[in-house]
>>> print(open('structure.txt').read())   # compact mmCIF, C-alpha atoms
# COMPACT_ATOMS: atom_id res chain seq x y z
CA MET A 20 75.04 109.92 159.26
CA GLY A 21 71.31 110.43 158.76
CA PHE A 22 69.35 107.65 157.13
CA ARG A 23 68.20 110.00 154.36
CA SER A 24 71.76 110.76 153.31
CA PHE A 25 72.50 107.04 153.48
CA LEU A 26 69.60 106.43 151.09
CA HIS A 27 70.74 109.21 148.84
CA ARG A 28 74.20 107.77 148.64
CA ILE A 29 73.17 104.18 148.24
CA THR A 30 71.33 105.03 145.07
CA ALA A 31 74.59 106.44 143.71
CA PRO A 32 77.20 103.89 144.81
CA LYS A 33 80.80 105.02 144.51
CA PHE A 34 81.95 101.78 142.96
CA GLU A 35 80.62 98.34 142.18
CA ARG A 36 82.33 95.01 141.91
CA PHE A 37 81.02 91.75 140.65
CA VAL A 38 80.30 89.24 143.39
CA SER A 39 79.67 85.67 142.40
CA SER A 40 76.51 84.39 144.01
CA SER A 41 78.24 81.09 144.71
CA GLN A 42 80.88 82.77 146.87
CA PRO A 43 79.91 82.50 150.55
CA LEU A 44 79.84 85.84 152.38
CA LYS A 45 79.97 86.72 156.04
CA MET A 46 80.39 89.49 158.56
CA VAL A 47 82.99 89.03 161.32
CA PHE A 48 82.90 90.76 164.70
CA VAL A 49 86.24 91.06 166.46
CA VAL A 50 85.54 91.61 170.15
CA ASN A 51 87.98 93.26 172.57
CA HIS A 52 88.59 90.45 175.05
CA GLU A 53 90.61 92.60 177.45
CA LEU A 54 87.48 94.48 178.49
CA LYS A 55 85.86 91.33 179.92
CA MET A 56 82.41 92.53 178.91
CA GLY A 57 79.39 90.59 180.12
CA LYS A 58 77.03 88.76 177.79
CA GLY A 59 74.46 91.57 177.39
CA LYS A 60 77.15 94.20 176.97
CA VAL A 61 78.94 92.28 174.21
CA ALA A 62 75.65 91.52 172.47
CA ALA A 63 74.62 95.20 172.40
CA GLN A 64 78.07 96.23 171.10
CA VAL A 65 77.92 93.60 168.35
CA GLY A 66 74.42 94.89 167.57
CA HIS A 67 75.87 98.39 167.11
CA ALA A 68 78.62 97.03 164.88
CA ALA A 69 76.17 95.00 162.78
CA VAL A 70 73.97 98.03 162.10
CA GLN A 71 77.00 100.23 161.30
CA ALA A 72 78.47 97.63 158.95
CA THR A 73 75.09 97.20 157.24
CA LEU A 74 74.70 100.94 156.66
CA LYS A 75 78.32 101.36 155.57
CA SER A 76 78.19 98.52 153.08
CA GLY A 77 74.84 99.82 151.82
CA GLU A 78 76.58 103.09 151.11
CA LEU A 79 79.89 101.86 149.71
CA ARG A 80 79.40 98.27 148.57
CA PRO A 81 75.67 97.66 148.00
CA GLU A 82 76.38 94.61 145.86
CA LEU A 83 78.08 92.92 148.83
CA LEU A 84 75.29 93.87 151.22
CA ASP A 85 72.68 92.59 148.81
CA ALA A 86 74.45 89.25 148.35
CA TRP A 87 75.01 88.83 152.09
CA LEU A 88 71.39 89.69 152.98
CA SER A 89 70.06 87.22 150.44
CA THR A 90 72.29 84.34 151.55
CA GLY A 91 71.58 84.06 155.27
CA GLN A 92 73.54 87.00 156.69
CA LYS A 93 76.21 84.81 158.28
CA LYS A 94 77.81 86.39 161.34
CA ILE A 95 80.75 85.17 163.39
CA CYS A 96 82.17 86.55 166.65
CA VAL A 97 85.87 86.12 167.46
CA LYS A 98 88.09 87.59 170.12
CA ALA A 99 91.16 89.81 169.94
CA GLU A 100 93.54 90.41 172.84
CA ASP A 101 93.05 94.16 173.17
CA ALA A 102 92.47 97.44 171.30
CA ASN A 103 95.95 97.38 169.71
CA HIS A 104 95.31 93.91 168.35
CA ILE A 105 91.99 95.06 166.90
CA GLU A 106 93.61 98.08 165.27
CA SER A 107 96.27 95.93 163.63
CA ILE A 108 93.51 93.76 162.15
CA GLU A 109 91.73 96.89 160.97
CA ARG A 110 94.86 98.13 159.16
CA GLU A 111 95.28 94.80 157.43
CA ALA A 112 91.60 94.79 156.43
CA ASN A 113 91.92 98.26 154.95
CA GLN A 114 94.91 97.11 152.90
CA HIS A 115 92.71 94.40 151.43
CA GLN A 116 89.76 96.74 150.74
CA ILE A 117 87.59 95.03 153.35
CA LEU A 118 85.03 97.35 154.94
CA THR A 119 85.56 98.03 158.65
CA SER A 120 83.33 99.57 161.33
CA LYS A 121 84.63 100.28 164.82
CA VAL A 122 82.45 100.69 167.89
CA TYR A 123 83.56 102.77 170.87
CA ASP A 124 81.51 102.47 174.03
CA ALA A 125 79.82 105.54 175.47
CA GLY A 126 80.86 104.18 178.85
CA HIS A 127 77.58 104.37 180.69
CA THR A 128 78.08 100.89 182.09
CA GLN A 129 80.77 98.35 182.94
CA ILE A 130 83.79 99.73 181.03
CA PRO A 131 85.76 103.01 180.68
CA SER A 132 84.17 105.57 178.35
CA GLY A 133 85.65 105.59 174.86
CA SER A 134 86.83 101.96 174.95
CA LEU A 135 87.12 100.25 171.57
CA THR A 136 84.74 97.32 172.01
CA VAL A 137 84.17 95.70 168.59
CA LEU A 138 85.44 95.84 165.02
CA ALA A 139 83.07 94.64 162.29
CA LEU A 140 84.61 93.33 159.06
CA GLY A 141 82.57 92.96 155.89
CA PRO A 142 80.24 91.71 154.69
CA ASP A 143 82.77 90.16 152.35
CA GLU A 144 83.91 86.87 150.93
CA GLU A 145 84.43 84.25 153.61
CA GLU A 146 87.88 83.26 152.37
CA LYS A 147 89.08 86.86 152.32
CA LEU A 148 87.96 87.38 155.91
CA ASP A 149 89.37 84.05 157.08
CA ASN A 150 92.82 85.18 155.95
CA LEU A 151 92.59 87.93 158.55
CA THR A 152 90.65 86.37 161.39
CA GLY A 153 90.63 82.62 160.76
CA LYS A 154 93.21 82.02 163.51
CA LEU A 155 91.37 83.97 166.19
CA LYS A 156 89.37 82.02 168.76
CA LEU A 157 85.59 82.05 168.59
CA LEU A 158 84.00 84.17 171.29
CA MET H 24 63.83 90.47 151.29
CA GLY H 25 66.40 91.84 148.83
CA PHE H 26 68.05 95.13 149.61
CA ARG H 27 66.78 96.64 146.37
CA SER H 28 63.16 95.98 147.29
CA PHE H 29 63.88 97.38 150.75
CA LEU H 30 65.16 100.56 149.12
CA HIS H 31 62.22 100.71 146.82
CA ARG H 32 59.82 100.43 149.69
CA ILE H 33 61.60 102.83 151.99
CA THR H 34 61.16 105.61 149.47
CA ALA H 35 57.42 104.94 149.57
CA PRO H 36 56.70 104.35 153.28
CA LYS H 37 53.34 102.85 154.08
CA PHE H 38 52.65 105.29 156.89
CA GLU H 39 54.43 108.01 158.83
CA ARG H 40 54.00 109.27 162.35
CA PHE H 41 55.45 112.31 163.98
CA VAL H 42 58.25 111.54 166.44
CA SER H 43 59.38 114.28 168.74
CA SER H 44 63.15 114.64 168.62
CA SER H 45 63.18 115.09 172.39
CA GLN H 46 61.65 111.65 172.95
CA PRO H 47 64.41 109.10 173.72
CA LEU H 48 64.31 106.04 171.47
CA LYS H 49 65.79 102.59 171.84
CA MET H 50 65.83 99.06 170.47
CA VAL H 51 65.30 96.20 172.93
CA PHE H 52 66.52 92.63 172.42
CA VAL H 53 64.65 89.98 174.35
CA VAL H 54 66.91 86.92 174.58
CA ASN H 55 65.65 83.37 175.14
CA HIS H 56 67.35 82.51 178.41
CA GLU H 57 66.26 78.87 178.38
CA LEU H 58 68.67 78.12 175.52
CA LYS H 59 71.72 78.99 177.67
CA MET H 60 73.58 80.35 174.65
CA GLY H 61 77.23 81.28 175.03
CA LYS H 62 78.52 84.82 174.68
CA GLY H 63 79.44 84.64 170.99
CA LYS H 64 76.24 82.85 170.08
CA VAL H 65 74.03 85.44 171.80
CA ALA H 66 76.02 88.29 170.26
CA ALA H 67 75.61 86.91 166.73
CA GLN H 68 71.86 86.35 167.27
CA VAL H 69 71.43 89.91 168.57
CA GLY H 70 73.41 91.07 165.53
CA HIS H 71 70.90 89.29 163.28
CA ALA H 72 68.00 90.87 165.19
CA ALA H 73 69.57 94.36 165.01
CA VAL H 74 69.98 94.16 161.23
CA GLN H 75 66.44 92.78 160.75
CA ALA H 76 64.92 95.48 162.97
CA THR H 77 66.88 98.17 161.13
CA LEU H 78 65.68 96.98 157.73
CA LYS H 79 62.11 96.49 158.92
CA SER H 80 61.87 99.93 160.48
CA GLY H 81 63.48 101.44 157.37
CA GLU H 82 60.66 99.87 155.39
CA LEU H 83 57.70 100.52 157.69
CA ARG H 84 58.68 103.34 160.05
CA PRO H 85 61.56 105.31 158.50
CA GLU H 86 60.90 108.28 160.77
CA LEU H 87 61.61 106.13 163.82
CA LEU H 88 64.74 104.62 162.28
CA ASP H 89 66.01 108.06 161.34
CA ALA H 90 65.44 109.45 164.83
CA TRP H 91 67.04 106.42 166.49
CA LEU H 92 70.11 106.46 164.21
CA SER H 93 70.68 110.15 164.84
CA THR H 94 70.40 109.90 168.63
CA GLY H 95 72.94 107.22 169.51
CA GLN H 96 71.14 104.02 168.50
CA LYS H 97 70.53 102.92 172.08
CA LYS H 98 70.31 99.13 172.47
CA ILE H 99 69.39 97.08 175.53
CA CYS H 100 69.47 93.29 176.02
CA VAL H 101 67.07 91.66 178.46
CA LYS H 102 66.18 88.06 179.12
CA ALA H 103 62.91 86.15 178.84
CA GLU H 104 62.30 82.71 180.36
CA ASP H 105 61.62 80.81 177.16
CA ALA H 106 60.07 80.95 173.67
CA ASN H 107 56.51 81.15 175.05
CA HIS H 108 57.45 84.13 177.18
CA ILE H 109 59.00 85.84 174.14
CA GLU H 110 55.91 85.19 172.06
CA SER H 111 53.64 86.69 174.70
CA ILE H 112 55.80 89.85 174.66
CA GLU H 113 55.60 89.88 170.87
CA ARG H 114 51.79 89.74 170.95
CA GLU H 115 51.65 92.62 173.39
CA ALA H 116 54.09 94.63 171.27
CA ASN H 117 51.95 94.07 168.19
CA GLN H 118 48.90 95.31 170.07
CA HIS H 119 50.79 98.54 170.75
CA GLN H 120 52.02 98.92 167.15
CA ILE H 121 55.63 98.32 168.17
CA LEU H 122 57.74 96.74 165.43
CA THR H 123 58.98 93.23 166.17
CA SER H 124 61.61 91.02 164.51
CA LYS H 125 62.12 87.41 165.56
CA VAL H 126 65.28 85.42 164.98
CA TYR H 127 65.23 81.63 164.68
CA ASP H 128 68.56 79.86 164.76
CA ALA H 129 69.65 77.77 161.81
CA GLY H 130 70.97 75.32 164.37
CA HIS H 131 74.47 74.80 163.04
CA THR H 132 75.92 75.17 166.54
CA GLN H 133 75.01 74.80 170.21
CA ILE H 134 71.19 74.73 170.09
CA PRO H 135 68.38 72.82 168.33
CA SER H 136 67.63 73.99 164.78
CA GLY H 137 64.67 76.36 164.56
CA SER H 138 64.94 77.63 168.14
CA LEU H 139 63.57 81.12 168.74
CA THR H 140 66.65 82.94 170.03
CA VAL H 141 65.89 86.69 170.11
CA LEU H 142 63.02 89.11 169.65
CA ALA H 143 63.91 92.67 168.68
CA LEU H 144 61.47 95.44 169.61
CA GLY H 145 61.60 98.87 168.01
CA PRO H 146 63.27 101.21 167.52
CA ASP H 147 60.57 103.04 169.42
CA GLU H 148 59.99 105.41 172.30
CA GLU H 149 61.79 104.31 175.43
CA GLU H 150 58.74 104.69 177.63
CA LYS H 151 56.58 102.61 175.32
CA LEU H 152 59.13 99.79 175.31
CA ASP H 153 59.68 99.97 179.06
CA ASN H 154 55.99 99.24 179.58
CA LEU H 155 56.59 95.87 177.94
CA THR H 156 60.10 94.92 179.01
CA GLY H 157 61.01 97.24 181.89
CA LYS H 158 60.54 94.47 184.45
CA LEU H 159 62.73 91.93 182.66
CA LYS H 160 66.26 91.42 183.95
CA LEU H 161 69.18 92.77 181.95
CA LEU H 162 71.15 90.06 180.18
>>> encode(input="structure.txt", output="structure tokens")
Amino acid sequence: MGFRSFLHRITAPKFERFVSSSQPLKMVFVVNHELKMGKGKVAAQVGHAAVQATLKSGELRPELLDAWLSTGQKKICVKAEDANHIESIEREANQHQILTSKVYDAGHTQIPSGSLTVLALGPDEEEKLDNLTGKLKLL
Amino acid sequence: MGFRSFLHRITAPKFERFVSSSQPLKMVFVVNHELKMGKGKVAAQVGHAAVQATLKSGELRPELLDAWLSTGQKKICVKAEDANHIESIEREANQHQILTSKVYDAGHTQIPSGSLTVLALGPDEEEKLDNLTGKLKLL
């Protein structure tokens, strides 16, 4: 998606929902633990996911992005067992209208090309995200 | 900075510069190695830096952001010795008109509050960034 089209769309959001400013928001990154990525690799993949989730929420849920940006942009990294585990979390998130962004690695380094490395959830209300990922271990 | 003001400003960029589409672009994250941050901590800090650098380039250099987003959003993590080392890289980057975004940790976990954790450089031309950080070790 080009940034211009992102800007075009963000000025005409598809839907809006009231977000109380007192409700804490966060973005959660669910990392594929099976891939045993090194520190720099994981960080770059989470960086990809953070940018994707920012652009996606700017397009679809600008009120959430706005609230998250203006309240410290909380980010948490947790680990899932493998790609199947991540996809089951993604399905559950979609059922609860939580935004999701998946990152697949281009495979230039360390891991097989096309591996699902990270799922970003949100930004959304902390409580809503904790229902999905609160039991996962911190990375 | 609120997202609305970001949008307002991005539609009226302060300056533009031609970027050849054949010129590879990347974003570099210079991580403070002295802090010995764990994997999840580093990833979250790089996530912060990635979002900041995206918003900043959208505001000041939308042509670079656009080109970077449409060519794979390359990201690289390298390590610097300590905060002083990072700040010297930042000064050099500023001299070369490379965008910089610094992240200071709120200090809720692991490290002292206010620590400089990551410096993001770019997005900008790969060659230009390599002149500054090409000799640093990958994280």
>>> closest_atom_pairs(input="structure.txt", of="chain A", to="chain H", cutoff="8 Å", atoms="only C-alpha atoms", output="CSV")
residue,atom,partner,partner_atom,distance
A:Met20,CA,H:Ser93,CA,7.1
A:Gly21,CA,H:Ser93,CA,6.1
A:Phe22,CA,H:Asp89,CA,5.4
A:Arg23,CA,H:Asp89,CA,7.6
A:Leu26,CA,H:Leu30,CA,7.6
A:Gly57,CA,H:Lys62,CA,8.0
A:Lys58,CA,H:Lys62,CA,5.2
A:Gly59,CA,H:Leu162,CA,4.6
A:Lys60,CA,H:Cys100,CA,7.8
A:Val61,CA,H:Ala66,CA,6.3
A:Ala62,CA,H:Ala66,CA,3.9
A:Ala63,CA,H:Lys98,CA,5.8
A:Val65,CA,H:Gly70,CA,5.9
A:Gly66,CA,H:Gly70,CA,4.4
A:His67,CA,H:Gln96,CA,7.5
A:Ala68,CA,H:Gly70,CA,7.9
A:Ala69,CA,H:Gly70,CA,5.5
A:Val70,CA,H:Val74,CA,5.6
A:Thr73,CA,H:Val74,CA,7.2
A:Leu84,CA,H:Phe26,CA,7.5
A:Asp85,CA,H:Phe26,CA,5.3
A:Leu88,CA,H:Gly25,CA,6.8
A:Ser89,CA,H:Gly25,CA,6.1
A:Gln92,CA,H:His71,CA,7.5
A:Lys94,CA,H:Ala67,CA,5.8
A:Ile95,CA,H:Ala67,CA,6.4
A:Cys96,CA,H:Gly63,CA,5.5
A:Val97,CA,H:Gly63,CA,7.5
A:Leu157,CA,H:Gly63,CA,7.1
A:Leu158,CA,H:Gly63,CA,4.6
>>> calpha_fit_and_write(input="structure.txt", fixed="chain A", moving="chain H", output="compact mmCIF listing (two decimals) with C-alpha atoms, in the coordinates of the input")
# COMPACT_ATOMS: atom_id res chain seq x y z
CA MET H 24 75.03 109.91 159.24
CA GLY H 25 71.28 110.42 158.75
CA PHE H 26 69.29 107.67 157.12
CA ARG H 27 68.17 110.00 154.34
CA SER H 28 71.74 110.74 153.30
CA PHE H 29 72.47 107.02 153.48
CA LEU H 30 69.59 106.41 151.09
CA HIS H 31 70.72 109.16 148.83
CA ARG H 32 74.18 107.74 148.64
CA ILE H 33 73.15 104.13 148.22
CA THR H 34 71.32 105.00 145.03
CA ALA H 35 74.57 106.45 143.71
CA PRO H 36 77.22 103.94 144.85
CA LYS H 37 80.79 105.09 144.59
CA PHE H 38 81.98 101.86 143.02
CA GLU H 39 80.66 98.39 142.25
CA ARG H 40 82.38 95.06 141.98
CA PHE H 41 81.07 91.80 140.69
CA VAL H 42 80.33 89.26 143.42
CA SER H 43 79.71 85.70 142.40
CA SER H 44 76.52 84.41 143.99
CA SER H 45 78.27 81.11 144.68
CA GLN H 46 80.89 82.79 146.87
CA PRO H 47 79.91 82.49 150.56
CA LEU H 48 79.84 85.83 152.38
CA LYS H 49 79.96 86.70 156.05
CA MET H 50 80.38 89.50 158.57
CA VAL H 51 82.98 89.03 161.31
CA PHE H 52 82.91 90.77 164.70
CA VAL H 53 86.24 91.07 166.45
CA VAL H 54 85.55 91.61 170.16
CA ASN H 55 87.99 93.27 172.57
CA HIS H 56 88.58 90.46 175.04
CA GLU H 57 90.61 92.58 177.44
CA LEU H 58 87.48 94.50 178.49
CA LYS H 59 85.86 91.34 179.92
CA MET H 60 82.40 92.55 178.92
CA GLY H 61 79.38 90.61 180.12
CA LYS H 62 77.02 88.78 177.80
CA GLY H 63 74.47 91.57 177.39
CA LYS H 64 77.14 94.21 176.97
CA VAL H 65 78.94 92.28 174.21
CA ALA H 66 75.64 91.53 172.47
CA ALA H 67 74.62 95.20 172.41
CA GLN H 68 78.07 96.25 171.11
CA VAL H 69 77.92 93.62 168.35
CA GLY H 70 74.42 94.90 167.57
CA HIS H 71 75.86 98.40 167.12
CA ALA H 72 78.63 97.03 164.89
CA ALA H 73 76.15 94.99 162.79
CA VAL H 74 73.97 98.04 162.11
CA GLN H 75 77.00 100.24 161.30
CA ALA H 76 78.46 97.62 158.95
CA THR H 77 75.09 97.20 157.24
CA LEU H 78 74.71 100.93 156.66
CA LYS H 79 78.32 101.35 155.57
CA SER H 80 78.19 98.51 153.08
CA GLY H 81 74.83 99.80 151.80
CA GLU H 82 76.59 103.08 151.10
CA LEU H 83 79.90 101.85 149.70
CA ARG H 84 79.41 98.26 148.56
CA PRO H 85 75.68 97.65 147.98
CA GLU H 86 76.40 94.59 145.86
CA LEU H 87 78.08 92.90 148.82
CA LEU H 88 75.29 93.86 151.21
CA ASP H 89 72.68 92.57 148.79
CA ALA H 90 74.46 89.24 148.34
CA TRP H 91 75.01 88.82 152.08
CA LEU H 92 71.39 89.67 152.97
CA SER H 93 70.05 87.20 150.43
CA THR H 94 72.28 84.32 151.54
CA GLY H 95 71.57 84.06 155.26
CA GLN H 96 73.54 87.00 156.68
CA LYS H 97 76.20 84.81 158.26
CA LYS H 98 77.80 86.38 161.34
CA ILE H 99 80.75 85.17 163.40
CA CYS H 100 82.17 86.56 166.66
CA VAL H 101 85.85 86.13 167.45
CA LYS H 102 88.07 87.60 170.11
CA ALA H 103 91.15 89.81 169.93
CA GLU H 104 93.53 90.41 172.85
CA ASP H 105 93.06 94.15 173.16
CA ALA H 106 92.48 97.44 171.29
CA ASN H 107 95.96 97.37 169.70
CA HIS H 108 95.32 93.90 168.34
CA ILE H 109 91.99 95.05 166.89
CA GLU H 110 93.61 98.06 165.28
CA SER H 111 96.27 95.93 163.63
CA ILE H 112 93.50 93.75 162.14
CA GLU H 113 91.73 96.89 160.97
CA ARG H 114 94.85 98.12 159.17
CA GLU H 115 95.27 94.80 157.42
CA ALA H 116 91.59 94.77 156.44
CA ASN H 117 91.92 98.25 154.95
CA GLN H 118 94.91 97.11 152.91
CA HIS H 119 92.69 94.39 151.43
CA GLN H 120 89.76 96.75 150.74
CA ILE H 121 87.59 95.03 153.35
CA LEU H 122 85.03 97.34 154.95
CA THR H 123 85.56 98.02 158.65
CA SER H 124 83.33 99.58 161.33
CA LYS H 125 84.63 100.29 164.82
CA VAL H 126 82.46 100.69 167.89
CA TYR H 127 83.58 102.77 170.87
CA ASP H 128 81.54 102.47 174.03
CA ALA H 129 79.85 105.53 175.47
CA GLY H 130 80.89 104.19 178.85
CA HIS H 131 77.59 104.39 180.68
CA THR H 132 78.09 100.88 182.09
CA GLN H 133 80.80 98.36 182.94
CA ILE H 134 83.81 99.73 181.03
CA PRO H 135 85.78 102.99 180.67
CA SER H 136 84.20 105.57 178.35
CA GLY H 137 85.68 105.57 174.85
CA SER H 138 86.87 101.96 174.94
CA LEU H 139 87.13 100.24 171.57
CA THR H 140 84.74 97.32 172.01
CA VAL H 141 84.17 95.70 168.59
CA LEU H 142 85.44 95.85 165.03
CA ALA H 143 83.08 94.64 162.31
CA LEU H 144 84.60 93.35 159.07
CA GLY H 145 82.57 92.96 155.89
CA PRO H 146 80.23 91.70 154.70
CA ASP H 147 82.75 90.15 152.36
CA GLU H 148 83.91 86.85 150.93
CA GLU H 149 84.42 84.24 153.61
CA GLU H 150 87.85 83.26 152.36
CA LYS H 151 89.07 86.84 152.32
CA LEU H 152 87.95 87.37 155.91
CA ASP H 153 89.36 84.05 157.08
CA ASN H 154 92.80 85.17 155.95
CA LEU H 155 92.58 87.93 158.54
CA THR H 156 90.64 86.37 161.40
CA GLY H 157 90.62 82.62 160.77
CA LYS H 158 93.19 82.01 163.50
CA LEU H 159 91.36 83.98 166.19
CA LYS H 160 89.37 82.03 168.75
CA LEU H 161 85.58 82.06 168.58
CA LEU H 162 83.99 84.17 171.30
>>> residues_around(input="structure.txt", residues="A:Asn103", least_positions_apart="6", cutoff="10 Å", atoms="only C-alpha atoms", output="list of chain:residue names")
A:Asn51, A:Glu109, A:Leu135
>>> write_last_selection(input="structure.txt", atoms="C-alpha atoms", output="short mmCIF file (atom, residue, chain, number, x, y, z; two decimals), keeping the file's coordinate frame")
data_model
loop_
_atom_site.label_atom_id
_atom_site.label_comp_id
_atom_site.auth_asym_id
_atom_site.auth_seq_id
_atom_site.Cartn_x
_atom_site.Cartn_y
_atom_site.Cartn_z
CA ASN A 51 87.98 93.26 172.57
CA GLU A 109 91.73 96.89 160.97
CA LEU A 135 87.12 100.25 171.57
#
>>> residues_around(input="structure.txt", residues="A:Leu138", least_positions_apart="6", cutoff="6 Å", atoms="only C-alpha atoms", output="MDAnalysis selection string")
chainID A and resid 48:49 120:121
>>> atom_distance(input="structure.txt", atom1="atom CA of A:Pro43", atom2="atom CA of A:Leu83")
10.7 Å
>>> atom_distance(input="structure.txt", atom1="atom CA of A:Ala99", atom2="atom CA of A:Lys55")
11.4 Å
>>> atom_distance(input="structure.txt", atom1="atom CA of A:Lys147", atom2="atom CA of A:His52")
23.0 Å
>>> closest_residue(input="structure.txt", among="H:Ser111, H:Ala143, H:Leu58, H:Gln46", to="H:Val126", atoms="all atoms listed in the file")
H:Ala143
>>> axis_aligned_box(input="structure.txt", around="stretch 120-123 of chain H", padding_each_side="8 Å", output="lines of an AutoDock Vina configuration file")
center_x = 55.5
center_y = 96.1
center_z = 166.8
size_x = 23.0
size_y = 21.7
size_z = 18.7
